[in-house]
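Note sheet for the following structure.
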Amino acid sequence: MITAAALVGYAVLVGTVIPPRLARARWAHRAPAAAVLAWQGLMVTFVVATALAVYHLVLTEQHVHDGLVGLLTVCGLGADAPASDSPQGLGDVLVLAAPLTVVLLPLGWLARCTWLAVRARGRQLDMLALVGEPAPEYGATIVDHGIPAVYCLPGRHSRVVVTRGALEVLSEAQLRAVLEHERAHIKGRHHVPRLLVDAFARAFRWLPLARHAKEQTLLLLEMIADDRALRHHSRNALATAMCEVAAGRAPQGAIGAGGSGALVRLRRVLAPQPRPHRGISLGVLAATVAAPLLPLLVACGP
C-alpha cells in the first residue's frame, strides 16, 4: 500500500498542484517551446502515475510484492511468466483492465479528435476548391468574406487562407507578417500538440491539469508562431496585424491568426522580454524526461 499511496500522491501533485504554478511561471512566456514540452510531459506523467497507482490499488495478493514485475507477469511479459497457452484468469484480466482504461481513455479521445479534425479540414478544403481564389504571390488562398481573418489549415494538404476583409485593412508589411505567423503553425505541425491537449482535456475534464494544459498550450503555440514571424518582420507590423484580425474566427479544424490570448501576445510582442538562461530550458527538458520515469522506478521496487 505504500507504493500505491506514493503513486496516488504523485498523480495528485502532477494533476492538481503543479499546473496552476506552471501556468503562472514567468519563464514560460519567454521560452514557449520549452513550456509546451513541459505541459506535454505533465500529461504523460499523470497518465503513467495514475495507471500504475490504479494497478497497485487493485493488485491481487499474488503480485503485491512484485511491483512492476508483477504487472509484466500478468501480461505474460515477465521472465517468470508461465509459458502455458491457457487463458488468464478473470482476476488477472480485471487487474489489467483498470490501468489499461486510464491509458486507453485519452488514446481513444485522441483518435476521435483526430478524426473530427481531419473531417473538418476536408470540408474546408472542399469549400476552398469552390470559392477560393489562389494568390501565388502570397502563397495563400483568398476567400470573399468581409470580416478580416487569416488562418491556416494544417496537415497533409495545408493551406493559408486570407479573407478579402483582411486584404482591405492590412498593409503589405502587416499581411506578410501574419502570413509568416500562419506558415509557422504549418511548419511546426502545431496541430499535433493541439490535438493532444484537446484529447487529454476531454478524457479528464475534471482535472486542473487538463484545463491549464489546454489553455496554456494554445497560447504558447501562438507565441511560438509570433516569434517565428518576428524573425523577418517588424514588431509593429505583426502587432497591428494581430489587432486587425483579432475579431476574425477560424473555422473548425483551422488555426487562426487572432488565436487565444491576443492581448497577452500583443503585450509580449510590443514589450519583449529577454530569453531565459539556457540552463532553464535544459532543466525543463531534463524534468520532462524524468517526471514520467519516476513512477516507473517507484513501481519497479518490490
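By order of appearance in the C-alpha cells: chains A, B, ..., then residues from 1 within every chain, and ligands from 1 in the order shown.
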With region 41-45 of chain A as the partner and 8 Å as the cut-off, tabulate the residues of region 146-229 of chain A that qualify, each row holding the nearest pair of atoms and their distance in Å to one decimal, using only C-alpha atoms, sorted by chain and rising number, as CSV.
residue,atom,partner,partner_atom,distance
A:Phe200,CA,A:Met43,CA,7.5
A:Leu209,CA,A:Met43,CA,7.5
A:Ala210,CA,A:Met43,CA,7.9
Output as a ChimeraX atom specification all residues of region 110-174 of chain A that backbone DSSP marks as helix (DSSP H, G or I). /A:110-131,164-169,172-174
Considering only C-alpha atoms, return as a PyMOL selection string whatever protein or nucleic-acid residues lie within 10 Å of region 16-21 of chain A, sequence-local ones (same chain, fewer than 2 positions apart) excluded. chain A and resi 10-14+23-26+39+42+207-213+216
Applying 8 Å and only C-alpha atoms, which residues near Ala31 (chain A) remain after dropping the ones on its own chain fewer than 6 positions away? List them as a ChimeraX atom specification. /A:275-276,281
Dump of C-alpha atoms for the selected residues, as a PDB file, in the first residue's frame:
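selection05.pdb, written as the output of this step:
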ATOM      1  CA  ARG A 275      15.015  34.880 -23.168  1.00  0.00           C
ATOM      2  CA  PRO A 276      15.659  32.825 -20.035  1.00  0.00           C
ATOM      3  CA  SER A 281      15.441  25.155 -20.951  1.00  0.00           C
TER       4      SER A 281
END
Counting only C-alpha atoms, which residues of region 110-134 of chain A fall within 7 Å of region 249-269 of chain A, and what is the closest atom pair for each with its distance in Å at one decimal, ordered by chain and rising number, as JSON lines?
{"residue": "A:Ala117", "atom": "CA", "partner": "A:Gly253", "partner_atom": "CA", "distance": 5.0}
{"residue": "A:Ala120", "atom": "CA", "partner": "A:Gly253", "partner_atom": "CA", "distance": 5.4}
{"residue": "A:Arg121", "atom": "CA", "partner": "A:Gly253", "partner_atom": "CA", "distance": 5.3}
DSSP strand (DSSP E or B) selection over region 81-257 of chain A, as a list in words: Glu133, Pro134, Ala135, Ala140, Thr141, Ile142, Val143, Val150, Tyr151, Cys152, Leu153, Arg159, Val160, Val161, Val162, Thr163, Ile255 and Gly256 of chain A
Suppose we keep N, CA and C atoms; can you now write the selection as a compact mmCIF listing (two decimals), in the first residue's frame?
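File written: part_22.txt
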# COMPACT_ATOMS: atom_id res chain seq x y z
N GLU A 133 -9.83 31.66 -54.15
CA GLU A 133 -9.08 32.20 -55.30
C GLU A 133 -7.59 32.13 -54.97
N PRO A 134 -6.82 31.35 -55.70
CA PRO A 134 -5.39 31.23 -55.40
C PRO A 134 -4.68 32.57 -55.52
N ALA A 135 -3.74 32.81 -54.60
CA ALA A 135 -2.92 34.02 -54.64
C ALA A 135 -1.46 33.59 -54.54
N ALA A 140 -1.10 31.84 -50.64
CA ALA A 140 -2.33 31.71 -49.85
C ALA A 140 -3.53 31.58 -50.78
N THR A 141 -4.67 31.35 -50.16
CA THR A 141 -5.95 31.30 -50.88
C THR A 141 -6.84 32.41 -50.34
N ILE A 142 -7.47 33.16 -51.24
CA ILE A 142 -8.32 34.29 -50.84
C ILE A 142 -9.78 33.88 -50.94
N VAL A 143 -10.55 34.22 -49.90
CA VAL A 143 -11.99 33.97 -49.92
C VAL A 143 -12.71 35.30 -49.79
N VAL A 150 -7.31 35.73 -41.03
CA VAL A 150 -6.24 34.96 -41.65
C VAL A 150 -6.08 33.69 -40.84
N TYR A 151 -6.09 32.54 -41.50
CA TYR A 151 -5.96 31.28 -40.77
C TYR A 151 -5.32 30.25 -41.68
N CYS A 152 -4.94 29.14 -41.08
CA CYS A 152 -4.32 28.07 -41.86
C CYS A 152 -5.04 26.76 -41.60
N LEU A 153 -5.02 25.91 -42.61
CA LEU A 153 -5.49 24.54 -42.49
C LEU A 153 -4.26 23.65 -42.49
N ARG A 159 -2.97 24.71 -46.11
CA ARG A 159 -3.39 25.89 -46.87
C ARG A 159 -3.45 27.09 -45.92
N VAL A 160 -3.00 28.24 -46.39
CA VAL A 160 -3.18 29.51 -45.67
C VAL A 160 -4.29 30.27 -46.36
N VAL A 161 -5.25 30.77 -45.57
CA VAL A 161 -6.43 31.42 -46.12
C VAL A 161 -6.50 32.86 -45.63
N VAL A 162 -6.80 33.77 -46.55
CA VAL A 162 -6.94 35.20 -46.24
C VAL A 162 -8.29 35.67 -46.76
N THR A 163 -9.02 36.42 -45.96
CA THR A 163 -10.29 36.96 -46.43
C THR A 163 -10.07 38.30 -47.14
N ILE A 255 -6.41 26.97 -37.70
CA ILE A 255 -5.72 27.75 -36.66
C ILE A 255 -5.70 29.19 -37.13
N GLY A 256 -6.31 30.09 -36.33
CA GLY A 256 -6.45 31.48 -36.74
C GLY A 256 -5.34 32.36 -36.22
With a distance cut-off of 7 Å and only C-alpha atoms, select the neighbouring residues of Leu218 (chain A), excluding the residue or stretch itself and same-chain residues fewer than 3 positions from it, and output the selection as a PyMOL selection string. chain A and resi 194+214-215+221-222+260
In terms of the shortest atom-to-atom distance over only C-alpha atoms, which of A:Arg235, A:His191, A:Arg202, A:Arg278 is closest to Gly108 (chain A)? A:Arg202
Excluding His157 (chain A) and residues on its chain fewer than 6 positions from it, collect all residues at most 12 Å away from it, counting only C-alpha atoms, and give them as a PDB file with all heavy atoms, in the first residue's frame.
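Output (part-v1.pdb):
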ATOM      1  N   VAL A 118      -9.637  16.012 -38.992  1.00  0.00           N
ATOM      2  CA  VAL A 118      -9.377  15.689 -40.400  1.00  0.00           C
ATOM      3  C   VAL A 118     -10.643  15.869 -41.235  1.00  0.00           C
ATOM      4  O   VAL A 118     -10.600  16.402 -42.352  1.00  0.00           O
ATOM      5  CB  VAL A 118      -8.843  14.246 -40.523  1.00  0.00           C
ATOM      6  CG1 VAL A 118      -8.802  13.807 -41.985  1.00  0.00           C
ATOM      7  CG2 VAL A 118      -7.461  14.138 -39.893  1.00  0.00           C
ATOM      8  N   ARG A 121     -11.255  19.636 -41.662  1.00  0.00           N
ATOM      9  CA  ARG A 121     -10.333  20.225 -42.640  1.00  0.00           C
ATOM     10  C   ARG A 121     -10.685  19.790 -44.053  1.00  0.00           C
ATOM     11  O   ARG A 121     -10.548  20.570 -45.003  1.00  0.00           O
ATOM     12  CB  ARG A 121      -8.894  19.833 -42.299  1.00  0.00           C
ATOM     13  CG  ARG A 121      -8.339  20.530 -41.076  1.00  0.00           C
ATOM     14  CD  ARG A 121      -6.833  20.466 -41.026  1.00  0.00           C
ATOM     15  NE  ARG A 121      -6.330  19.107 -40.857  1.00  0.00           N
ATOM     16  CZ  ARG A 121      -6.063  18.559 -39.679  1.00  0.00           C
ATOM     17  NH1 ARG A 121      -6.265  19.247 -38.563  1.00  0.00           N
ATOM     18  NH2 ARG A 121      -5.588  17.338 -39.608  1.00  0.00           N
ATOM     19  N   GLY A 122     -11.155  18.557 -44.190  1.00  0.00           N
ATOM     20  CA  GLY A 122     -11.574  18.104 -45.515  1.00  0.00           C
ATOM     21  C   GLY A 122     -12.732  18.919 -46.052  1.00  0.00           C
ATOM     22  O   GLY A 122     -12.760  19.270 -47.249  1.00  0.00           O
ATOM     23  N   GLN A 124     -13.422  22.005 -45.253  1.00  0.00           N
ATOM     24  CA  GLN A 124     -12.911  23.331 -45.578  1.00  0.00           C
ATOM     25  C   GLN A 124     -12.152  23.332 -46.902  1.00  0.00           C
ATOM     26  O   GLN A 124     -12.285  24.263 -47.706  1.00  0.00           O
ATOM     27  CB  GLN A 124     -11.995  23.833 -44.453  1.00  0.00           C
ATOM     28  CG  GLN A 124     -12.713  24.189 -43.170  1.00  0.00           C
ATOM     29  CD  GLN A 124     -13.704  25.319 -43.364  1.00  0.00           C
ATOM     30  OE1 GLN A 124     -13.397  26.304 -44.030  1.00  0.00           O
ATOM     31  NE2 GLN A 124     -14.886  25.180 -42.795  1.00  0.00           N
ATOM     32  N   LEU A 125     -11.377  22.294 -47.145  1.00  0.00           N
ATOM     33  CA  LEU A 125     -10.646  22.211 -48.412  1.00  0.00           C
ATOM     34  C   LEU A 125     -11.607  22.081 -49.587  1.00  0.00           C
ATOM     35  O   LEU A 125     -11.380  22.670 -50.653  1.00  0.00           O
ATOM     36  CB  LEU A 125      -9.679  21.021 -48.371  1.00  0.00           C
ATOM     37  CG  LEU A 125      -8.455  21.179 -47.459  1.00  0.00           C
ATOM     38  CD1 LEU A 125      -7.694  19.863 -47.360  1.00  0.00           C
ATOM     39  CD2 LEU A 125      -7.540  22.286 -47.961  1.00  0.00           C
ATOM     40  N   ASP A 126     -12.672  21.319 -49.398  1.00  0.00           N
ATOM     41  CA  ASP A 126     -13.675  21.196 -50.464  1.00  0.00           C
ATOM     42  C   ASP A 126     -14.329  22.550 -50.753  1.00  0.00           C
ATOM     43  O   ASP A 126     -14.581  22.894 -51.917  1.00  0.00           O
ATOM     44  CB  ASP A 126     -14.738  20.178 -50.066  1.00  0.00           C
ATOM     45  CG  ASP A 126     -14.198  18.756 -50.036  1.00  0.00           C
ATOM     46  OD1 ASP A 126     -13.147  18.522 -50.660  1.00  0.00           O
ATOM     47  OD2 ASP A 126     -14.812  17.898 -49.379  1.00  0.00           O
ATOM     48  N   LEU A 128     -12.968  25.523 -50.188  1.00  0.00           N
ATOM     49  CA  LEU A 128     -11.983  26.399 -50.817  1.00  0.00           C
ATOM     50  C   LEU A 128     -11.815  26.084 -52.294  1.00  0.00           C
ATOM     51  O   LEU A 128     -11.543  26.984 -53.105  1.00  0.00           O
ATOM     52  CB  LEU A 128     -10.639  26.279 -50.095  1.00  0.00           C
ATOM     53  CG  LEU A 128     -10.569  26.871 -48.690  1.00  0.00           C
ATOM     54  CD1 LEU A 128      -9.217  26.580 -48.059  1.00  0.00           C
ATOM     55  CD2 LEU A 128     -10.836  28.369 -48.715  1.00  0.00           C
ATOM     56  N   ILE A 186       2.074  25.792 -39.615  1.00  0.00           N
ATOM     57  CA  ILE A 186       2.115  24.635 -40.506  1.00  0.00           C
ATOM     58  C   ILE A 186       3.468  23.931 -40.423  1.00  0.00           C
ATOM     59  O   ILE A 186       3.537  22.706 -40.263  1.00  0.00           O
ATOM     60  CB  ILE A 186       1.816  25.069 -41.951  1.00  0.00           C
ATOM     61  CG1 ILE A 186       0.378  25.576 -42.058  1.00  0.00           C
ATOM     62  CG2 ILE A 186       2.058  23.916 -42.927  1.00  0.00           C
ATOM     63  CD1 ILE A 186       0.041  26.175 -43.415  1.00  0.00           C
TER      64      ILE A 186
END
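Proximity of A:His56, A:Arg119, A:Arg205, A:His145 to Gly248 (chain A), computed with only C-alpha atoms, is greatest for A:His145.
Considering only C-alpha atoms, the residue among A:Asn236, A:Pro292, A:Glu244, A:Glu180 positioned nearest to Ala271 (chain A) is A:Asn236.
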Quick one: everything within 10 Å of Leu195 (chain A), counting only C-alpha atoms, minus sequence neighbours fewer than 6 positions away in the same chain. Send it as a ChimeraX atom specification. /A:109-114,117,201,214
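CA of Arg156 (chain A) to CA of Pro32 (chain A) spans 25.1 Å [interatomic distance, one decimal].
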